[in-house]
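Q: I'd like to ask some things about the structure below.
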Amino acid sequence: MYIEQGYKAKEDFWRYIVGLVIIFVGWQIIGMIPLMIALVSKSESLITMPKDIGGMSSLLGSNLFLFFMLLSFAFGLVATFFSASVLHQQKIIALTTSRNKIDWKRVSFSFLLWGIISAVLLGIDVFLSPENYVLNFKLEPFLILAIVAILFIPIQTSFEEYFLRGYLMQGIGILAKNRWVPLVITSLIFGLLHIANPEVEKLGYGIMVFYIGTGFFLGILTLMDEGLELALGFHAANNLITALLVTADWTAFQTDSIYRDISDPELGLDVFIPIFVIFPILLYIFSKRYNWINWKEKLTGSIQSKEDFLEENISEIGLE
């Protein structure tokens, strides 16, 4: 059981509080220092320094801004691993999966499945609505983008998964003694972390249905599959394809991608179709491939007591 992997650690409540502080400081304070230094060095003064994503991207250049923005998530990931391994004395594999080792085939399958589907869907949209796109491809900036994106976007998405679906889901699950509370809370937090995105300002708070719904989808993947592998692969593919293939002036990822979306954005069916159509289909595909059963129990049931879990896993824990 995935949430119960938190029992393979020191799970005192105060440790999670201290851990959250460490992660926040690493991600949002230390991790932001390089970006702030770059912005200050390029600005005439702190007053004139841009505060919005578009302004910062224009000042530094889209690729350099993307690098500094993603770099903060690298600090966040290091802080998450530090909190788990040092503060909680938990092995990273226990934070990742309930399996004996990380299943990289699961990561790869999820990455390729969603990467191909999302690229095909974009291609269809470009073909059917060419007036909404302009070719934005320039070889040198795109190659720089590709290097930055391929190296750092998986770090960004891994931080979000290890922090939300890993660290918080295990901690909240152990505290609540069930599965539905951590699923709901981490999904809401995932959505709220995107509330400052330019998309929300442009489309309104209705777009939060997409972000929170995506959080639920990734949480369901984690609980049903008893590990982060599928969520890690999906999330990396989603953000990488977005950064490389299409950008817009009103999105969080403003990059030197192949296409630029010049359409006037509206909150329409394209926001809700992934949540209520595509994601359920993906869950069905994953369930058939990995033989998922006991949906109700895995998503809403109680977790084992610490005593029962440790008794069942005493030989494994002893080896650790």
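Convention: chains lettered A, B, ... in structure tokens order; per-chain residue numbering from 1; ligands numbered from 1 as shown.
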If we count only C-alpha atoms and set the cut-off at 8 Å, which residues sit around stretch 185-202 of chain A, ignoring sequence neighbours fewer than 3 positions away in its own chain? Please answer as number ranges by chain.
A: A: 53, 164-165, 168-169, 181-182, 205-208, 211-216, 219, 250-252, 265
Q: For stretch 274-284 of chain A, list every protein, DNA or RNA residue within 8 Å, evaluated using only C-alpha atoms, and leave out those in the same chain fewer than 2 positions away; present the list as a list of chain:residue names.
A: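 Final neighbour list, sorted by chain and number: A:Phe210, A:Gly213, A:Thr214, A:Phe217, A:Leu221, A:Asp270, A:Val271, A:Phe272, A:Phe286, A:Ser287, A:Lys288.
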Q: Run DSSP on the backbone and give me the residues of stretch 12-243 of chain A it puts in strand (DSSP E or B), as JSON, numbers by chain.
A: {"A": [97, 133, 134, 135, 178, 227]}
Q: Write out as a count of residues only all residues of stretch 87-191 of chain A that DSSP puts in helix (DSSP H, G or I) for this structure's backbone.
A: 84
Q: With only C-alpha atoms as the atoms that count, which of A:Gly76, A:Gly301, A:Gly268, A:Gly26 lies nearest to A:Arg179?
A: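 Of the candidates, the smallest distance to A:Arg179 is held by A:Gly301.
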Q: Need the shell around stretch 120-135 of chain A: protein/DNA/RNA residues with any atom at most 9 Å away, counting only C-alpha atoms. Skip same-chain ones fewer than 4 positions apart. Format as a PDB file with N, CA, C and O atoms, in the first residue's frame?
A:
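The resulting part.pdb:
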```pdb
ATOM      1  N   GLY A 115       2.295  11.667 -24.155  1.00  0.00           N
ATOM      2  CA  GLY A 115       3.050  12.492 -25.087  1.00  0.00           C
ATOM      3  C   GLY A 115       2.537  12.345 -26.507  1.00  0.00           C
ATOM      4  O   GLY A 115       2.327  13.336 -27.221  1.00  0.00           O
ATOM      5  N   ILE A 116       2.294  11.113 -26.927  1.00  0.00           N
ATOM      6  CA  ILE A 116       1.793  10.861 -28.281  1.00  0.00           C
ATOM      7  C   ILE A 116       0.376  11.395 -28.439  1.00  0.00           C
ATOM      8  O   ILE A 116       0.051  12.054 -29.429  1.00  0.00           O
ATOM      9  N   LEU A 245       5.903  22.438 -28.109  1.00  0.00           N
ATOM     10  CA  LEU A 245       5.072  22.488 -29.308  1.00  0.00           C
ATOM     11  C   LEU A 245       4.250  23.752 -29.454  1.00  0.00           C
ATOM     12  O   LEU A 245       4.061  24.237 -30.576  1.00  0.00           O
ATOM     13  N   VAL A 246       3.715  24.298 -28.370  1.00  0.00           N
ATOM     14  CA  VAL A 246       2.816  25.446 -28.539  1.00  0.00           C
ATOM     15  C   VAL A 246       2.937  26.398 -27.350  1.00  0.00           C
ATOM     16  O   VAL A 246       3.102  25.967 -26.204  1.00  0.00           O
ATOM     17  N   SER A 257       8.567  27.966 -28.762  1.00  0.00           N
ATOM     18  CA  SER A 257       8.048  26.678 -29.219  1.00  0.00           C
ATOM     19  C   SER A 257       7.814  26.694 -30.727  1.00  0.00           C
ATOM     20  O   SER A 257       7.987  27.713 -31.405  1.00  0.00           O
ATOM     21  N   ILE A 258       7.384  25.546 -31.246  1.00  0.00           N
ATOM     22  CA  ILE A 258       7.186  25.424 -32.695  1.00  0.00           C
ATOM     23  C   ILE A 258       6.014  26.278 -33.155  1.00  0.00           C
ATOM     24  O   ILE A 258       6.088  26.950 -34.192  1.00  0.00           O
ATOM     25  N   TYR A 259       4.912  26.274 -32.405  1.00  0.00           N
ATOM     26  CA  TYR A 259       3.732  27.055 -32.784  1.00  0.00           C
ATOM     27  C   TYR A 259       3.397  28.066 -31.689  1.00  0.00           C
ATOM     28  O   TYR A 259       3.694  27.859 -30.514  1.00  0.00           O
ATOM     29  N   ARG A 260       2.763  29.159 -32.110  1.00  0.00           N
ATOM     30  CA  ARG A 260       2.205  30.143 -31.184  1.00  0.00           C
ATOM     31  C   ARG A 260       0.704  30.205 -31.403  1.00  0.00           C
ATOM     32  O   ARG A 260       0.237  30.381 -32.528  1.00  0.00           O
ATOM     33  N   ASP A 261      -0.035  30.039 -30.320  1.00  0.00           N
ATOM     34  CA  ASP A 261      -1.492  30.126 -30.369  1.00  0.00           C
ATOM     35  C   ASP A 261      -1.894  31.604 -30.318  1.00  0.00           C
ATOM     36  O   ASP A 261      -1.635  32.289 -29.338  1.00  0.00           O
ATOM     37  N   ILE A 262      -2.513  32.096 -31.398  1.00  0.00           N
ATOM     38  CA  ILE A 262      -2.895  33.506 -31.461  1.00  0.00           C
ATOM     39  C   ILE A 262      -4.402  33.696 -31.330  1.00  0.00           C
ATOM     40  O   ILE A 262      -4.919  34.795 -31.530  1.00  0.00           O
ATOM     41  N   SER A 263      -5.109  32.628 -31.012  1.00  0.00           N
ATOM     42  CA  SER A 263      -6.559  32.721 -30.880  1.00  0.00           C
ATOM     43  C   SER A 263      -6.932  33.504 -29.629  1.00  0.00           C
ATOM     44  O   SER A 263      -6.138  33.631 -28.695  1.00  0.00           O
ATOM     45  N   ASP A 264      -8.131  34.034 -29.622  1.00  0.00           N
ATOM     46  CA  ASP A 264      -8.657  34.713 -28.441  1.00  0.00           C
ATOM     47  C   ASP A 264      -9.202  33.644 -27.497  1.00  0.00           C
ATOM     48  O   ASP A 264     -10.216  33.002 -27.799  1.00  0.00           O
TER      49      ASP A 264
END
```
Q: Report the distance between atom CA of A:Val107 and atom CA of A:Leu223 in Å, rounded to one decimal place.
A: 15.2 Å
Q: Mind pulling up the distance from atom CA of A:Tyr7 to atom CA of A:Tyr290?
A: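 We find that atom CA of A:Tyr290 and atom CA of A:Tyr7 lie 25.1 Å from each other.
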Q: I need the residue nearest A:Lys296 from this list: A:Ile220, A:Met49, A:Ala176, A:Ile3. Use only C-alpha atoms for the distance.
A: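 The closest residue to A:Lys296 is A:Ile220.
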Q: Tell me which of A:Thr96, A:Thr80, A:Ser110, A:Gln5 sits closest to A:Phe24, counting only C-alpha atoms.
A: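 Nearest candidate to A:Phe24 out of A:Thr96, A:Thr80, A:Ser110, A:Gln5: A:Thr80.
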Q: Could you pull the residues within 6 Å of stretch 111-114 of chain A, counting only C-alpha atoms, minus those fewer than 4 positions along the same chain, as an mmCIF file with C-alpha atoms, in the first residue's frame?
A:
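Generated file (result33.cif):
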```cif
data_model
loop_
_atom_site.group_PDB
_atom_site.id
_atom_site.type_symbol
_atom_site.label_atom_id
_atom_site.label_comp_id
_atom_site.auth_asym_id
_atom_site.auth_seq_id
_atom_site.Cartn_x
_atom_site.Cartn_y
_atom_site.Cartn_z
ATOM 1 C CA SER A 118 -1.333 15.234 -26.692
ATOM 2 C CA GLY A 233 5.466 10.057 -16.560
ATOM 3 C CA PHE A 234 2.169 11.747 -17.408
ATOM 4 C CA ALA A 237 4.992 14.521 -20.870
#
```
Q: Measuring atom to atom with only C-alpha atoms, identify which of A:Asn291, A:Ser72, A:Ser43, A:Ser302 is nearest to A:Glu160.
A: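 Of the candidates, the smallest distance to A:Glu160 is held by A:Ser72.
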Q: Please provide as number ranges by chain all residues within 12 Å of A:Val40, with the sequence filter that same-chain residues fewer than 5 positions apart are discarded (counting only C-alpha atoms).
A: A: 33-35, 45-51, 56, 59-60
Q: Limited to all heavy atoms, could you put the picked residues into a file as a compact mmCIF listing (two decimals), in the first residue's frame?
A:
```txt
# COMPACT_ATOMS: atom_id res chain seq x y z
N ILE A 33 16.13 33.04 -5.65
CA ILE A 33 17.23 34.01 -5.60
C ILE A 33 17.91 34.18 -6.96
O ILE A 33 18.15 35.33 -7.39
CB ILE A 33 18.24 33.60 -4.51
CG1 ILE A 33 17.61 33.78 -3.12
CG2 ILE A 33 19.53 34.43 -4.63
CD1 ILE A 33 18.48 33.31 -1.97
N PRO A 34 18.26 33.11 -7.69
CA PRO A 34 18.89 33.32 -9.01
C PRO A 34 18.02 34.14 -9.96
O PRO A 34 18.53 35.01 -10.68
CB PRO A 34 19.10 31.89 -9.53
CG PRO A 34 19.18 31.05 -8.30
CD PRO A 34 18.22 31.67 -7.34
N LEU A 35 16.69 33.88 -9.97
CA LEU A 35 15.80 34.64 -10.84
C LEU A 35 15.77 36.11 -10.41
O LEU A 35 15.82 37.01 -11.27
CB LEU A 35 14.39 34.05 -10.79
CG LEU A 35 13.30 34.83 -11.56
CD1 LEU A 35 13.66 34.94 -13.03
CD2 LEU A 35 11.94 34.17 -11.37
N SER A 45 15.76 49.54 -11.77
CA SER A 45 15.55 49.61 -10.33
C SER A 45 14.54 48.57 -9.92
O SER A 45 13.89 47.93 -10.77
CB SER A 45 15.04 51.00 -9.92
OG SER A 45 13.73 51.20 -10.42
N LEU A 46 14.40 48.36 -8.60
CA LEU A 46 13.41 47.41 -8.10
C LEU A 46 11.99 47.85 -8.45
O LEU A 46 11.10 47.02 -8.65
CB LEU A 46 13.54 47.26 -6.58
CG LEU A 46 14.79 46.53 -6.07
CD1 LEU A 46 14.84 46.59 -4.55
CD2 LEU A 46 14.80 45.10 -6.56
N ILE A 47 11.80 49.17 -8.55
CA ILE A 47 10.47 49.69 -8.86
C ILE A 47 10.06 49.34 -10.28
O ILE A 47 8.92 48.99 -10.55
CB ILE A 47 10.44 51.23 -8.64
CG1 ILE A 47 10.70 51.55 -7.17
CG2 ILE A 47 9.09 51.81 -9.09
CD1 ILE A 47 10.79 53.03 -6.87
N THR A 48 11.03 49.44 -11.20
CA THR A 48 10.71 49.18 -12.61
C THR A 48 10.80 47.70 -12.97
O THR A 48 10.45 47.33 -14.08
CB THR A 48 11.66 49.97 -13.52
OG1 THR A 48 13.02 49.56 -13.25
CG2 THR A 48 11.52 51.47 -13.28
N MET A 49 11.29 46.88 -12.05
CA MET A 49 11.41 45.45 -12.34
C MET A 49 10.04 44.84 -12.58
O MET A 49 9.13 45.05 -11.77
CB MET A 49 12.09 44.73 -11.17
CG MET A 49 12.44 43.27 -11.45
SD MET A 49 13.28 42.50 -10.05
CE MET A 49 11.92 42.29 -8.89
N PRO A 50 9.84 44.12 -13.69
CA PRO A 50 8.51 43.55 -13.97
C PRO A 50 8.09 42.52 -12.94
O PRO A 50 8.93 41.78 -12.41
CB PRO A 50 8.70 42.91 -15.35
CG PRO A 50 10.17 42.66 -15.48
CD PRO A 50 10.83 43.78 -14.71
N LYS A 51 6.81 42.48 -12.66
CA LYS A 51 6.27 41.54 -11.66
C LYS A 51 5.46 40.41 -12.30
O LYS A 51 5.17 39.42 -11.65
CB LYS A 51 5.36 42.29 -10.67
CG LYS A 51 6.01 43.49 -9.98
CD LYS A 51 7.23 43.12 -9.19
CE LYS A 51 7.73 44.29 -8.32
NZ LYS A 51 8.24 45.41 -9.14
N MET A 56 8.67 39.57 -17.19
CA MET A 56 9.94 38.94 -16.83
C MET A 56 10.52 38.17 -18.00
O MET A 56 11.73 38.18 -18.24
CB MET A 56 9.73 38.03 -15.62
CG MET A 56 9.47 38.78 -14.32
SD MET A 56 9.42 37.73 -12.84
CE MET A 56 7.78 37.01 -13.01
N LEU A 59 11.99 40.65 -20.48
CA LEU A 59 13.21 41.27 -19.98
C LEU A 59 14.42 40.34 -20.11
O LEU A 59 15.50 40.75 -20.55
CB LEU A 59 13.03 41.68 -18.52
CG LEU A 59 14.23 42.37 -17.85
CD1 LEU A 59 14.52 43.71 -18.51
CD2 LEU A 59 13.97 42.54 -16.35
N LEU A 60 14.25 39.08 -19.72
CA LEU A 60 15.36 38.14 -19.70
C LEU A 60 15.50 37.35 -21.00
O LEU A 60 16.57 36.80 -21.28
CB LEU A 60 15.20 37.16 -18.54
CG LEU A 60 15.22 37.73 -17.13
CD1 LEU A 60 15.01 36.62 -16.10
CD2 LEU A 60 16.53 38.45 -16.86
```
Q: So how many Å separate atom CA of A:Ser62 and atom CA of A:Ser41, to one decimal?
A: 16.3 Å
Q: Which residues, written as a ChimeraX atom specification, have at least one atom at most 10 Å from A:Asn239, with only C-alpha atoms counted and residues fewer than 5 positions away on the same chain left out?
A: /A:115,149,153-154,156-157,234,244,253
Q: Which residue out of A:Leu228, A:Leu145, A:Ala248, A:Ile155 has the minimum interatomic distance to A:Gln170 when only C-alpha atoms are used?
A: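 Once distances to A:Gln170 are computed over only C-alpha atoms, the minimum belongs to A:Leu228.
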Q: Tell me which protein, DNA and RNA residues are within 8 Å of A:Arg99, counting only C-alpha atoms, leaving out same-chain ones fewer than 4 positions away, and put them as number ranges by chain.
A: A: 103, 226-227
Q: Taking into account only C-alpha atoms, which residue in the set A:Gly171, A:Lys105, A:Lys306, A:Leu203 is nearest to A:Leu232?
A: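 Nearest to A:Leu232: A:Lys105.
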